[in-house]
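What follows is a single structure, written as structure tokens, with notes after it.
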Amino acid sequence: MDHRQVRASDQDRERVAETLRVALTEGRITLEELNERVAGAYTARTLGDLDDMIADLPRQETPPPLVRLPEPDLRLHTGSGRVEQVGRWQVPERISAAAGRWGKVRIDFTRADCAHREVLLDVEITSWFGDIVVLVPRGWRVRDEDVVRRWLGAVHNHPPKPPAPDGVTVRLTGYVQTGDVWVRYR
């Protein structure tokens with residue numbers, strides 16, 4: 001069987017997406033091209049489709065290493081329902097939140113106990129009308145520059161100025177395909 005007709009795996013797609021991110025940092029492609037090509041990579045069916053995404057980029061001897069995040073301590077995932085983490089709770093270092101079509105995840109840190117200076121929140125919204133709402137107390141900071149926005153995906157984060165010097169930082173990672181992440185400061 002021809003290499004180009006072999007079905008692509010998720011690992012193959014991630015490898016190409018990482019190659020594209022490296023190309024962006026090297027100035028080889030624009031942010032708009034990155035978004036278009038990463039979207040194409042994640043929907044590619046064959047290795048040939050993936051090869052087409054990076055055909056005009058220099059080949060690397062070895063593929064860039066995939067960033068493997070540690071397993072989350074708290075998983076808040078829903079396909080089409082509603083999942084909430086509210087009230088008094090102990091904040092772990094790593095949280096994963098995922099919402100599918102009509103899914104809604106709400107994470108309220110305002111009454112939570114947090115012993116960490118930084119919390120990693122990996123977000124994933126894969127369909128229209130998926131939402132993740134993050135509520136943080138005043139003085140906390142939410143950083144969203146590591147979130148990949150695809151198609152119509154958006155992160156709405158308007159922090160008050162200035163954040164408290166000793167406040168907790170919630171670092172968002174992952175991707176938003178067509179839904180929204182809403183950050184609210186209380």
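By order of appearance in the structure tokens: chains A, B, ..., then residues from 1 within every chain, and ligands from 1 in the order shown.
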Check which residues of region 22-120 of chain A sit at most 7 Å from region 156-172 of chain A using only C-alpha atoms, and return one row each with the closest pair of atoms and their distance in Å to one decimal, ordered by chain and rising number, as a Markdown table.
| residue | atom | partner | partner_atom | distance |
| --- | --- | --- | --- | --- |
| A:Arg117 | CA | A:Val168 | CA | 4.9 |
| A:Glu118 | CA | A:Thr169 | CA | 4.7 |
| A:Val119 | CA | A:Val170 | CA | 4.7 |
| A:Leu120 | CA | A:Arg171 | CA | 5.0 |
Those residues with C-alpha atoms, as a PDB file, in the first residue's frame please?
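See result-v5.pdb below for the written result:
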ATOM      1  CA  ARG A 117       1.147  29.275  42.662  1.00  0.00           C
ATOM      2  CA  GLU A 118       0.185  27.976  39.200  1.00  0.00           C
ATOM      3  CA  VAL A 119      -2.634  25.704  38.083  1.00  0.00           C
ATOM      4  CA  LEU A 120      -2.635  24.098  34.636  1.00  0.00           C
TER       5      LEU A 120
END
So that I can see what lies close to Arg94 (chain A), please list as a CSV table (one decimal) with N, CA and C atoms, in the first residue's frame the residues with an atom at most 8 Å from it, counting only C-alpha atoms and leaving out residues fewer than 3 positions away in the same chain.
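The new file selection.csv reads:
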chain,number,residue,atom,x,y,z
A,70,PRO,N,1.4,15.9,32.0
A,70,PRO,CA,1.0,14.9,32.9
A,70,PRO,C,-0.5,14.7,33.0
A,71,GLU,N,-0.9,13.5,33.4
A,71,GLU,CA,-2.3,13.3,33.5
A,71,GLU,C,-3.0,14.2,34.5
A,72,PRO,N,-4.1,14.7,34.2
A,72,PRO,CA,-4.8,15.7,35.2
A,72,PRO,C,-5.2,15.0,36.5
A,73,ASP,N,-5.2,15.8,37.5
A,73,ASP,CA,-5.7,15.3,38.8
A,73,ASP,C,-7.2,15.4,38.9
A,74,LEU,N,-7.8,16.3,38.1
A,74,LEU,CA,-9.3,16.5,38.0
A,74,LEU,C,-9.7,16.6,36.6
A,119,VAL,N,-1.8,26.8,38.4
A,119,VAL,CA,-2.6,25.7,38.1
A,119,VAL,C,-2.7,25.6,36.6
A,120,LEU,N,-2.5,24.4,36.1
A,120,LEU,CA,-2.6,24.1,34.6
A,120,LEU,C,-4.1,23.6,34.3
A,121,LEU,N,-4.7,24.3,33.4
A,121,LEU,CA,-6.1,23.9,33.1
A,121,LEU,C,-6.1,23.7,31.6
A,122,ASP,N,-6.2,22.4,31.2
A,122,ASP,CA,-6.2,22.0,29.8
A,122,ASP,C,-7.6,22.0,29.3
Could you list, with a cut-off of 12 Å and counting only C-alpha atoms, the residues of region 56-110 of chain A near region 130-133 of chain A, each shown with its nearest atom pair and the distance in Å rounded to one decimal, rows sorted by chain and ascending number, as CSV?
residue,atom,partner,partner_atom,distance
A:Leu76,CA,A:Ile132,CA,10.0
A:His77,CA,A:Ile132,CA,10.1
A:Thr78,CA,A:Gly130,CA,9.5
A:Gly79,CA,A:Gly130,CA,8.8
A:Ser80,CA,A:Gly130,CA,8.0
A:Gly81,CA,A:Gly130,CA,9.7
A:Arg82,CA,A:Asp131,CA,9.6
A:Val83,CA,A:Ile132,CA,9.6
A:Glu84,CA,A:Val133,CA,9.4
A:Gln85,CA,A:Val133,CA,10.5
A:Val86,CA,A:Val133,CA,11.4
A:Ser96,CA,A:Ile132,CA,10.9
A:Ala97,CA,A:Ile132,CA,7.4
A:Ala98,CA,A:Ile132,CA,7.7
A:Ala99,CA,A:Gly130,CA,5.3
A:Gly100,CA,A:Gly130,CA,5.4
A:Arg101,CA,A:Gly130,CA,5.3
A:Trp102,CA,A:Gly130,CA,5.0
A:Gly103,CA,A:Gly130,CA,4.8
A:Lys104,CA,A:Asp131,CA,4.8
A:Val105,CA,A:Ile132,CA,4.7
A:Arg106,CA,A:Val133,CA,4.7
A:Ile107,CA,A:Val133,CA,6.2
A:Asp108,CA,A:Val133,CA,8.1
A:Phe109,CA,A:Val133,CA,10.8
Serialized selection, N, CA and C atoms, as a compact mmCIF listing (two decimals), in the first residue's frame:
# COMPACT_ATOMS: atom_id res chain seq x y z
N LEU A 76 -12.98 17.18 34.15
CA LEU A 76 -14.35 17.67 34.03
C LEU A 76 -14.72 17.63 32.56
N HIS A 77 -15.31 16.52 32.13
CA HIS A 77 -15.60 16.30 30.71
C HIS A 77 -17.09 16.02 30.53
N THR A 78 -17.66 16.58 29.45
CA THR A 78 -19.04 16.30 29.11
C THR A 78 -19.21 16.35 27.60
N GLY A 79 -20.05 15.49 27.08
CA GLY A 79 -20.37 15.51 25.66
C GLY A 79 -21.40 16.58 25.37
N SER A 80 -22.58 16.46 26.00
CA SER A 80 -23.64 17.42 25.72
C SER A 80 -24.35 17.88 26.99
N GLY A 81 -23.84 17.52 28.13
CA GLY A 81 -24.48 17.91 29.38
C GLY A 81 -23.76 19.05 30.07
N ARG A 82 -23.93 19.11 31.37
CA ARG A 82 -23.34 20.17 32.18
C ARG A 82 -22.54 19.54 33.31
N VAL A 83 -21.31 20.03 33.51
CA VAL A 83 -20.45 19.57 34.60
C VAL A 83 -19.96 20.80 35.34
N GLU A 84 -20.00 20.74 36.69
CA GLU A 84 -19.57 21.89 37.48
C GLU A 84 -18.63 21.45 38.60
N GLN A 85 -17.69 22.33 38.89
CA GLN A 85 -16.84 22.19 40.08
C GLN A 85 -17.00 23.52 40.81
N VAL A 86 -17.80 23.53 41.87
CA VAL A 86 -18.15 24.77 42.56
C VAL A 86 -18.06 24.58 44.07
N SER A 96 -8.34 19.05 33.71
CA SER A 96 -8.72 18.89 32.31
C SER A 96 -10.22 19.15 32.19
N ALA A 97 -10.58 20.06 31.26
CA ALA A 97 -11.99 20.38 31.03
C ALA A 97 -12.29 20.22 29.54
N ALA A 98 -13.34 19.46 29.22
CA ALA A 98 -13.70 19.23 27.82
C ALA A 98 -15.21 19.32 27.67
N ALA A 99 -15.63 20.00 26.58
CA ALA A 99 -17.06 20.15 26.29
C ALA A 99 -17.31 19.86 24.83
N GLY A 100 -18.31 19.02 24.57
CA GLY A 100 -18.73 18.72 23.20
C GLY A 100 -19.92 19.59 22.83
N ARG A 101 -20.69 19.14 21.85
CA ARG A 101 -21.84 19.90 21.37
C ARG A 101 -22.85 20.12 22.50
N TRP A 102 -23.17 21.38 22.75
CA TRP A 102 -24.07 21.81 23.80
C TRP A 102 -23.53 21.54 25.20
N GLY A 103 -22.30 21.08 25.31
CA GLY A 103 -21.71 20.81 26.61
C GLY A 103 -21.29 22.09 27.31
N LYS A 104 -21.41 22.08 28.62
CA LYS A 104 -21.01 23.25 29.40
C LYS A 104 -20.26 22.76 30.63
N VAL A 105 -19.05 23.32 30.82
CA VAL A 105 -18.24 23.03 32.00
C VAL A 105 -18.06 24.34 32.75
N ARG A 106 -18.32 24.33 34.04
CA ARG A 106 -18.17 25.53 34.87
C ARG A 106 -17.22 25.18 36.01
N ILE A 107 -16.14 25.98 36.12
CA ILE A 107 -15.15 25.78 37.18
C ILE A 107 -15.07 27.07 37.97
N ASP A 108 -15.51 27.00 39.23
CA ASP A 108 -15.56 28.19 40.08
C ASP A 108 -14.48 28.08 41.15
N PHE A 109 -13.45 28.91 41.01
CA PHE A 109 -12.34 28.93 41.95
C PHE A 109 -12.57 29.90 43.11
inquiry  = Taking only chain A into account, list the residues labelled strand (DSSP E) by DSSP (computed from the backbone), as an MDAnalysis selection string.
reply    = chainID A and resid 74:78 82:85 90:91 94:99 104:108 113:114 118:125 131:136 141:149 154:156 169:176 180:185
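The coordinates place CA of Arg4 (chain A) at 17.5 Å from CA of Leu57 (chain A).
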ask   = Contacts of Ala8 (chain A) at 7 Å or less, counting only C-alpha atoms, minus same-chain residues fewer than 5 places along, as an MDAnalysis selection string?
value = chainID A and resid 13 45:47
request  = Compile the contact shell of region 27-41 of chain A as a PyMOL selection string: residues with an atom at most 10 Å away, counting only C-alpha atoms, same-chain residues fewer than 6 positions apart removed.
outcome  = chain A and resi 8+10+12-21+47+49-54+56-58+148-151+177
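Closest approach to Val136 (chain A) among A:Ile95, A:Trp89, A:Ala44, A:Arg184 is made by A:Arg184 (distances from only C-alpha atoms).
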